[in-house]
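Enquirer: Take a look at start-v6.json, JSON, C-alpha atoms:
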```json
[["chain", "number", "residue", "atom", "x", "y", "z"],
["F", 173, "ASP", "CA", -144.27, -118.54, -77.83],
["F", 174, "GLN", "CA", -144.25, -116.27, -80.86],
["F", 175, "GLU", "CA", -141.27, -116.30, -83.18],
["F", 176, "GLN", "CA", -140.42, -112.99, -84.78],
["F", 177, "LEU", "CA", -137.86, -111.92, -87.32],
["F", 178, "ARG", "CA", -136.37, -108.41, -87.37],
["F", 179, "LEU", "CA", -134.26, -106.73, -90.01],
["F", 180, "ARG", "CA", -132.41, -103.49, -89.37],
["F", 181, "PHE", "CA", -130.83, -101.41, -92.10],
["F", 182, "ASP", "CA", -128.17, -98.76, -91.45],
["F", 183, "LEU", "CA", -127.95, -97.43, -94.99],
["F", 184, "ASP", "CA", -125.61, -94.51, -94.30],
["F", 185, "ARG", "CA", -123.42, -96.65, -92.02],
["F", 186, "ASP", "CA", -123.32, -94.04, -89.26],
["F", 187, "TYR", "CA", -124.17, -96.62, -86.53],
["F", 188, "ALA", "CA", -126.75, -94.17, -85.20],
["F", 189, "THR", "CA", -129.74, -94.14, -87.57],
["F", 190, "TRP", "CA", -131.57, -97.21, -88.79],
["F", 191, "PHE", "CA", -134.75, -98.66, -90.24],
["F", 192, "GLU", "CA", -136.29, -101.73, -88.62],
["F", 193, "PHE", "CA", -138.86, -104.12, -90.09],
["F", 194, "ALA", "CA", -140.26, -107.00, -88.02],
["F", 195, "TRP", "CA", -142.84, -109.74, -88.63],
["F", 196, "ASN", "CA", -144.03, -113.04, -87.27],
["F", 197, "ARG", "CA", -145.46, -116.26, -88.71],
["F", 198, "LYS", "CA", -148.99, -114.82, -88.55],
["F", 199, "GLY", "CA", -147.97, -111.93, -90.82],
["F", 200, "GLU", "CA", -148.22, -109.34, -88.06],
["F", 201, "THR", "CA", -145.76, -106.52, -88.67],
["F", 202, "SER", "CA", -144.08, -103.61, -86.95],
["F", 203, "ASP", "CA", -141.57, -101.05, -88.14],
["F", 204, "ARG", "CA", -139.41, -98.30, -86.69],
["F", 205, "CYS", "CA", -137.04, -95.64, -87.91],
["F", 206, "ASN", "CA", -134.70, -95.04, -84.99],
["F", 207, "ASP", "CA", -137.33, -94.45, -82.33],
["F", 208, "LEU", "CA", -139.68, -92.26, -84.38],
["F", 209, "SER", "CA", -143.22, -93.54, -83.87],
["F", 210, "GLU", "CA", -144.61, -91.30, -86.63],
["F", 211, "TRP", "CA", -142.64, -93.11, -89.35],
["F", 212, "ASN", "CA", -145.17, -95.28, -91.17],
["F", 213, "PRO", "CA", -143.65, -96.83, -94.31],
["F", 214, "ASN", "CA", -145.53, -98.77, -96.96],
["F", 215, "TRP", "CA", -144.17, -102.30, -97.24],
["F", 216, "TYR", "CA", -145.57, -105.69, -98.08],
["F", 217, "ILE", "CA", -145.24, -109.19, -96.70],
["F", 218, "ALA", "CA", -146.44, -112.69, -97.55],
["F", 219, "VAL", "CA", -145.97, -115.47, -94.98],
["F", 220, "LYS", "CA", -146.41, -119.21, -95.53],
["F", 221, "GLU", "CA", -146.37, -121.83, -92.80],
["F", 222, "GLY", "CA", -145.10, -125.32, -93.55],
["F", 223, "GLY", "CA", -145.28, -127.66, -90.57],
["F", 224, "ASP", "CA", -142.24, -127.00, -88.40],
["F", 225, "HIS", "CA", -141.06, -123.98, -90.43],
["F", 226, "TRP", "CA", -142.32, -120.82, -92.04],
["F", 227, "THR", "CA", -141.13, -118.57, -94.84],
["F", 228, "ALA", "CA", -141.69, -114.91, -95.59],
["F", 229, "GLU", "CA", -141.24, -112.72, -98.62],
["F", 230, "ILE", "CA", -141.09, -108.98, -98.04],
["F", 231, "ALA", "CA", -141.04, -106.02, -100.40],
["F", 232, "ILE", "CA", -139.85, -102.62, -99.23],
["F", 233, "PRO", "CA", -140.01, -99.81, -101.79],
["F", 234, "LYS", "CA", -136.67, -98.05, -102.08],
["F", 235, "ALA", "CA", -138.35, -94.68, -101.50],
["F", 236, "GLU", "CA", -139.28, -95.81, -97.97],
["F", 237, "LEU", "CA", -135.57, -96.16, -97.11],
["F", 238, "ILE", "CA", -134.48, -92.74, -98.29],
["F", 239, "ALA", "CA", -134.51, -89.91, -95.78],
["F", 240, "ASP", "CA", -136.80, -87.00, -96.63],
["F", 241, "SER", "CA", -134.53, -83.95, -96.68],
["F", 242, "SER", "CA", -137.47, -81.52, -96.94],
["F", 243, "ASN", "CA", -138.21, -81.77, -93.19]]
```
Step by step, read the file and then write its structure as structure tokens.

Expert:
Amino acid sequence: DQEQLRLRFDLDRDYATWFEFAWNRKGETSDRCNDLSEWNPNWYIAVKEGGDHWTAEIAIPKAELIADSSN
């Protein structure tokens, strides 16, 4: 039984492209951009457990959420 939280961002609101960040109470993370496995953003997380609950603070640099138009 492993709880996980996922956030998806559709910054251009096209309902087709998105960024996903996921983590669990152990601080294990995963991320996806659409279904591109080569996307590997830098982001940071701190997780704290407190009995029957847990909290997380995440930091995602804005540059990681901007599409690279040079490709």

Enquirer: In Å to one decimal, how far is CA of Asp207 in chain F from CA of Glu192 in chain F?

Expert: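 So the answer is 9.7 Å.
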
Enquirer: Would you kindly return, as a ChimeraX atom specification, each protein, DNA or RNA residue with an atom no farther than 12 Å from any atom of range 223-233 of chain F, considering all atoms listed in the file and excluding same-chain residues fewer than 4 positions away?

Expert: /F:175-179,181,191-201,203,213-219,237-238

Enquirer: Between CA of Arg204 in chain F and CA of Asp182 in chain F, what is the distance in Å, rounded to a tenth?

Expert: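 CA of Asp182 in chain F lies 12.2 Å from CA of Arg204 in chain F.
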
Enquirer: So, counting all atoms listed in the file, which residue among F:Gln174, F:Lys220, F:Lys234, F:Thr189 is closest to Asn206 in chain F?

Expert: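 When distances to Asn206 in chain F are compared using all atoms listed in the file, the smallest one comes from F:Thr189.
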